[in-house]
Every structure is written in structure tokens, then in C-alpha cells.
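Asks: Input structure: target.cif, which contains mmCIF, C-alpha atoms, pLDDT in the B column; chains and numbers go by the auth columns.
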data_run
#
loop_
_atom_site.group_PDB
_atom_site.id
_atom_site.type_symbol
_atom_site.label_atom_id
_atom_site.label_comp_id
_atom_site.label_asym_id
_atom_site.label_seq_id
_atom_site.Cartn_x
_atom_site.Cartn_y
_atom_site.Cartn_z
_atom_site.B_iso_or_equiv
_atom_site.auth_seq_id
_atom_site.auth_asym_id
ATOM 1 C CA GLN A 1 78.571 97.141 88.264 85.00 1 A
ATOM 2 C CA VAL A 2 81.975 98.093 89.597 87.00 2 A
ATOM 3 C CA HIS A 3 82.638 101.789 89.834 91.00 3 A
ATOM 4 C CA LEU A 4 86.096 103.167 90.641 94.00 4 A
ATOM 5 C CA VAL A 5 86.568 106.771 91.660 94.00 5 A
ATOM 6 C CA GLU A 6 89.936 108.441 92.018 95.00 6 A
ATOM 7 C CA SER A 7 90.675 111.455 94.162 95.00 7 A
ATOM 8 C CA GLY A 8 93.668 113.398 95.361 96.00 8 A
ATOM 9 C CA GLY A 9 95.057 114.706 92.112 92.00 9 A
ATOM 10 C CA GLY A 10 96.077 118.277 91.515 95.00 10 A
ATOM 11 C CA LEU A 11 99.015 120.578 90.979 96.00 11 A
ATOM 12 C CA VAL A 12 102.327 120.057 92.728 96.00 12 A
ATOM 13 C CA GLN A 13 105.796 121.453 92.253 97.00 13 A
ATOM 14 C CA PRO A 14 108.742 119.317 91.192 97.00 14 A
ATOM 15 C CA GLY A 15 110.070 117.457 94.190 97.00 15 A
ATOM 16 C CA ASP A 16 106.756 117.527 96.021 97.00 16 A
ATOM 17 C CA SER A 17 104.591 114.617 97.133 97.00 17 A
ATOM 18 C CA LEU A 18 101.017 113.700 96.338 97.00 18 A
ATOM 19 C CA LYS A 19 98.719 110.885 97.329 98.00 19 A
ATOM 20 C CA LEU A 20 96.032 109.463 95.099 98.00 20 A
ATOM 21 C CA ASN A 21 93.095 107.481 96.366 97.00 21 A
ATOM 22 C CA CYS A 22 90.766 105.111 94.625 96.00 22 A
ATOM 23 C CA ALA A 23 87.516 103.849 96.070 94.00 23 A
ATOM 24 C CA ALA A 24 85.509 101.009 94.593 91.00 24 A
ATOM 25 C CA SER A 25 81.778 100.619 94.800 86.00 25 A
ATOM 26 C CA GLY A 26 79.543 97.901 93.510 84.00 26 A
ATOM 27 C CA ARG A 27 82.282 95.356 93.813 80.00 27 A
ATOM 28 C CA THR A 28 81.013 92.068 95.166 79.00 28 A
ATOM 29 C CA PHE A 29 84.260 90.163 94.789 80.00 29 A
ATOM 30 C CA ARG A 30 87.719 90.455 96.263 82.00 30 A
ATOM 31 C CA SER A 31 90.136 92.042 93.859 84.00 31 A
ATOM 32 C CA ALA A 32 92.935 89.864 92.639 88.00 32 A
ATOM 33 C CA ALA A 33 94.969 92.886 91.641 92.00 33 A
ATOM 34 C CA MET A 34 94.740 96.635 91.967 94.00 34 A
ATOM 35 C CA GLY A 35 96.838 98.989 89.948 96.00 35 A
ATOM 36 C CA TRP A 36 97.598 102.502 88.785 98.00 36 A
ATOM 37 C CA PHE A 37 98.308 103.623 85.260 98.00 37 A
ATOM 38 C CA ARG A 38 98.951 107.071 83.882 97.00 38 A
ATOM 39 C CA GLN A 39 98.716 108.752 80.533 97.00 39 A
ATOM 40 C CA ALA A 40 100.474 111.943 79.561 94.00 40 A
ATOM 41 C CA PRO A 41 99.276 114.085 76.649 88.00 41 A
ATOM 42 C CA GLY A 42 100.303 112.570 73.367 92.00 42 A
ATOM 43 C CA LYS A 43 101.624 109.415 74.999 94.00 43 A
ATOM 44 C CA GLU A 44 100.332 105.939 75.535 95.00 44 A
ATOM 45 C CA ARG A 45 98.999 104.796 78.847 96.00 45 A
ATOM 46 C CA GLU A 46 101.751 103.357 80.997 97.00 46 A
ATOM 47 C CA PHE A 47 101.933 101.186 84.046 98.00 47 A
ATOM 48 C CA VAL A 48 102.856 102.850 87.330 98.00 48 A
ATOM 49 C CA ALA A 49 102.224 100.399 90.164 98.00 49 A
ATOM 50 C CA ALA A 50 100.130 97.416 91.196 97.00 50 A
ATOM 51 C CA ILE A 51 99.489 95.355 94.259 95.00 51 A
ATOM 52 C CA ARG A 52 98.424 91.791 94.781 93.00 52 A
ATOM 53 C CA TRP A 53 95.086 91.038 96.352 87.00 53 A
ATOM 54 C CA ASP A 54 96.554 90.295 99.769 86.00 54 A
ATOM 55 C CA GLY A 55 98.775 93.342 99.806 86.00 55 A
ATOM 56 C CA ARG A 56 101.864 91.247 100.242 91.00 56 A
ATOM 57 C CA ARG A 57 103.395 91.869 96.858 93.00 57 A
ATOM 58 C CA SER A 58 103.645 95.079 94.900 96.00 58 A
ATOM 59 C CA TYR A 59 105.000 95.952 91.483 97.00 59 A
ATOM 60 C CA TYR A 60 106.406 99.217 90.187 98.00 60 A
ATOM 61 C CA ALA A 61 107.568 100.779 86.986 97.00 61 A
ATOM 62 C CA ASP A 62 111.324 101.195 87.113 97.00 62 A
ATOM 63 C CA SER A 63 111.009 104.964 86.944 96.00 63 A
ATOM 64 C CA VAL A 64 109.044 105.178 90.195 97.00 64 A
ATOM 65 C CA LYS A 65 110.717 102.523 92.324 97.00 65 A
ATOM 66 C CA GLY A 66 111.811 103.915 95.647 97.00 66 A
ATOM 67 C CA ARG A 67 109.600 106.983 95.314 98.00 67 A
ATOM 68 C CA PHE A 68 106.068 105.686 94.857 98.00 68 A
ATOM 69 C CA THR A 69 104.219 103.342 97.173 98.00 69 A
ATOM 70 C CA ILE A 70 100.990 101.537 96.415 97.00 70 A
ATOM 71 C CA THR A 71 98.746 100.206 99.132 96.00 71 A
ATOM 72 C CA GLY A 72 95.467 98.422 98.891 92.00 72 A
ATOM 73 C CA ASP A 73 92.785 97.204 101.205 88.00 73 A
ATOM 74 C CA ASN A 74 90.470 94.623 99.775 86.00 74 A
ATOM 75 C CA ASP A 75 88.075 94.787 102.679 87.00 75 A
ATOM 76 C CA LYS A 76 87.761 98.543 102.454 86.00 76 A
ATOM 77 C CA LYS A 77 87.719 98.358 98.643 88.00 77 A
ATOM 78 C CA MET A 78 90.273 101.064 98.229 91.00 78 A
ATOM 79 C CA GLU A 79 93.795 101.615 97.038 94.00 79 A
ATOM 80 C CA GLU A 80 96.216 104.482 97.352 97.00 80 A
ATOM 81 C CA LEU A 81 99.292 105.670 95.551 98.00 81 A
ATOM 82 C CA GLN A 82 101.770 107.755 97.499 98.00 82 A
ATOM 83 C CA MET A 83 104.032 109.643 95.129 98.00 83 A
ATOM 84 C CA ASN A 84 107.180 111.312 96.416 98.00 84 A
ATOM 85 C CA ARG A 85 109.815 113.478 94.746 98.00 85 A
ATOM 86 C CA MET A 86 107.683 113.919 91.707 97.00 86 A
ATOM 87 C CA GLY A 87 109.065 115.190 88.441 96.00 87 A
ATOM 88 C CA PRO A 88 107.410 117.064 85.546 95.00 88 A
ATOM 89 C CA GLU A 89 107.586 113.923 83.426 94.00 89 A
ATOM 90 C CA GLU A 90 105.121 112.277 85.786 94.00 90 A
ATOM 91 C CA ALA A 91 102.287 114.615 85.024 96.00 91 A
ATOM 92 C CA GLY A 92 99.259 113.077 83.415 97.00 92 A
ATOM 93 C CA VAL A 93 95.922 111.463 84.045 97.00 93 A
ATOM 94 C CA TYR A 94 96.220 108.745 86.634 98.00 94 A
ATOM 95 C CA CYS A 95 93.710 105.923 86.556 98.00 95 A
ATOM 96 C CA CYS A 96 93.170 103.209 89.077 97.00 96 A
ATOM 97 C CA ALA A 97 92.327 99.746 87.860 96.00 97 A
ATOM 98 C CA ASP A 98 90.893 96.634 89.378 94.00 98 A
ATOM 99 C CA SER A 99 90.858 93.014 88.397 93.00 99 A
ATOM 100 C CA ALA A 100 89.018 89.967 89.600 89.00 100 A
ATOM 101 C CA ARG A 101 91.194 87.612 87.611 86.00 101 A
ATOM 102 C CA ARG A 102 94.234 85.841 88.918 83.00 102 A
ATOM 103 C CA HIS A 103 97.457 87.421 87.768 84.00 103 A
ATOM 104 C CA ASN A 104 100.857 85.968 87.207 83.00 104 A
ATOM 105 C CA SER A 105 103.852 88.095 88.029 81.00 105 A
ATOM 106 C CA GLY A 106 104.022 89.491 84.517 83.00 106 A
ATOM 107 C CA SER A 107 100.404 90.418 84.027 89.00 107 A
ATOM 108 C CA TYR A 108 100.262 93.053 86.750 93.00 108 A
ATOM 109 C CA TYR A 109 102.051 95.403 84.372 94.00 109 A
ATOM 110 C CA SER A 110 99.574 95.073 81.537 93.00 110 A
ATOM 111 C CA ALA A 111 96.533 97.294 81.233 95.00 111 A
ATOM 112 C CA ILE A 112 94.575 94.669 79.332 93.00 112 A
ATOM 113 C CA GLU A 113 94.642 92.438 82.397 93.00 113 A
ATOM 114 C CA TYR A 114 92.389 94.805 84.334 95.00 114 A
ATOM 115 C CA GLU A 115 88.644 94.754 83.771 94.00 115 A
ATOM 116 C CA TYR A 116 87.606 97.805 85.740 94.00 116 A
ATOM 117 C CA TRP A 117 88.854 101.350 85.436 96.00 117 A
ATOM 118 C CA GLY A 118 88.308 104.696 87.032 96.00 118 A
ATOM 119 C CA GLN A 119 87.768 107.832 84.993 95.00 119 A
ATOM 120 C CA GLY A 120 91.148 109.221 85.900 95.00 120 A
ATOM 121 C CA ASN A 121 92.471 112.093 87.920 94.00 121 A
ATOM 122 C CA GLN A 122 94.714 114.832 86.590 96.00 122 A
ATOM 123 C CA VAL A 123 98.123 115.291 88.155 97.00 123 A
ATOM 124 C CA THR A 124 100.196 118.290 87.133 97.00 124 A
ATOM 125 C CA VAL A 125 103.820 118.730 88.157 96.00 125 A
ATOM 126 C CA SER A 126 105.028 122.196 87.410 93.00 126 A
ATOM 127 C CA SER A 127 106.834 125.077 89.009 91.00 127 A
#
Please lay out the structure from this file as C-alpha cells.

Replies:
Amino acid sequence: QVHLVESGGGLVQPGDSLKLNCAASGRTFRSAAMGWFRQAPGKEREFVAAIRWDGRRSYYADSVKGRFTITGDNDKKMEELQMNRMGPEEAGVYCCADSARRHNSGSYYSAIEYEYWGQGNQVTVSS
């Protein structure tokens, strides 16, 4: 059974940076896609970033392009999300996700395309 565990969340001030980590255990396959989603109180879960299994292609929500960077290492079974110049609107519970299925360019953005999920890590952006 695949188990994803996030770490690195916490409280930051607007404009600050934060890095989230996600470690996978029990995974006996190479991920086809790894991603991050977030959910703010009272809002639906939204896509943040994803990376292809070989690390050569990444995908971002428009709102985070140029500020967030996703990296992934299939061999180490981990992924990271570096978040820079964060704003209060980006607070929420961040979840990492993993998929063994092949993705087309459009499916990286969709939560239903990921089979495995972490429990989530709270990120608060406030002064």
C-alpha cells in the first residue's frame, strides 16, 4: 500500500518562501506523475503543480507560475514544492499526489487522475 507523507508546512508571512516535501513508502512502481494540490477553507481542491515521471516536464497553475517549483525523484520516491513570494490567498492544506497511470498533458491538472494521496499539510500565510 502506497503511503504519502507531507512535511514542511507551517506559518509564513506574505512574500516569504516555504518548501514542502512529500515522501512515498510502499510504492513498488515508478510514478508516472507526481503532483501537489491545495484546498483552502470553504473552497474546492485546486491544482498547484505536477511533474512527469522523468522530471523533464512540469506543469503549474497559472497563479503560481514563476514562483513555485516542483521537483521529483522517482528513485528516491519523493517530491518537493518550493514556494516563493507567497500570498495570503495561497494558504490552505497542501496535499501531494502520486499516480502510476500514464498521463496526457491535460490530465496532470486533474485530481481524479491521481490514485494516491497524502493526508495534507497546513500552510498559513499571514502577517

Asks: Can you give me, as a ChimeraX atom specification, the residues this file yields under the PyMOL selection byres ((chain A and resi 50) around 7)?

Replies: /A:33-36,49,51-52,58-60,70,108

Asks: Between atom CA of A:Arg56 and atom CA of A:Gly92, what is the spacing in Å?

Replies: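 Here the two named atoms are 27.7 Å from each other.
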
Asks: Could you tell me how far atom CA of A:Ala97 sits from atom CA of A:Tyr109, in Å to one decimal place?

Replies: 11.2 Å

Asks: Counting all atoms listed in the file, which residue out of A:Glu90, A:Ala32, A:Leu11, A:Gly118 sits closest to A:Ser105?

Replies: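 Checking each candidate against A:Ser105, we get A:Ala32 as the closest.
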
Asks: If you apply the PyMOL selection byres ((chain A and resi 112-116) around 7) to this file, what residues do you get, as an mmCIF file with C-alpha atoms, in the coordinates of the input?

Replies:
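Result file follows (part_13.cif):
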data_model
loop_
_atom_site.group_PDB
_atom_site.id
_atom_site.type_symbol
_atom_site.label_atom_id
_atom_site.label_comp_id
_atom_site.auth_asym_id
_atom_site.auth_seq_id
_atom_site.Cartn_x
_atom_site.Cartn_y
_atom_site.Cartn_z
ATOM 1 C CA VAL A 2 81.975 98.093 89.597
ATOM 2 C CA ALA A 97 92.327 99.746 87.860
ATOM 3 C CA ASP A 98 90.893 96.634 89.378
ATOM 4 C CA SER A 99 90.858 93.014 88.397
ATOM 5 C CA SER A 107 100.404 90.418 84.027
ATOM 6 C CA SER A 110 99.574 95.073 81.537
ATOM 7 C CA ALA A 111 96.533 97.294 81.233
ATOM 8 C CA TRP A 117 88.854 101.350 85.436
#

Asks: Step by step, work through what the PyMOL selection byres ((chain A and resi 73-86) around 8) selects in the shown file, and finish by giving those residues as a PyMOL selection string.

Replies: chain A and resi 13-25+27+30-31+34+36+53-55+67-72+87-88+90+125
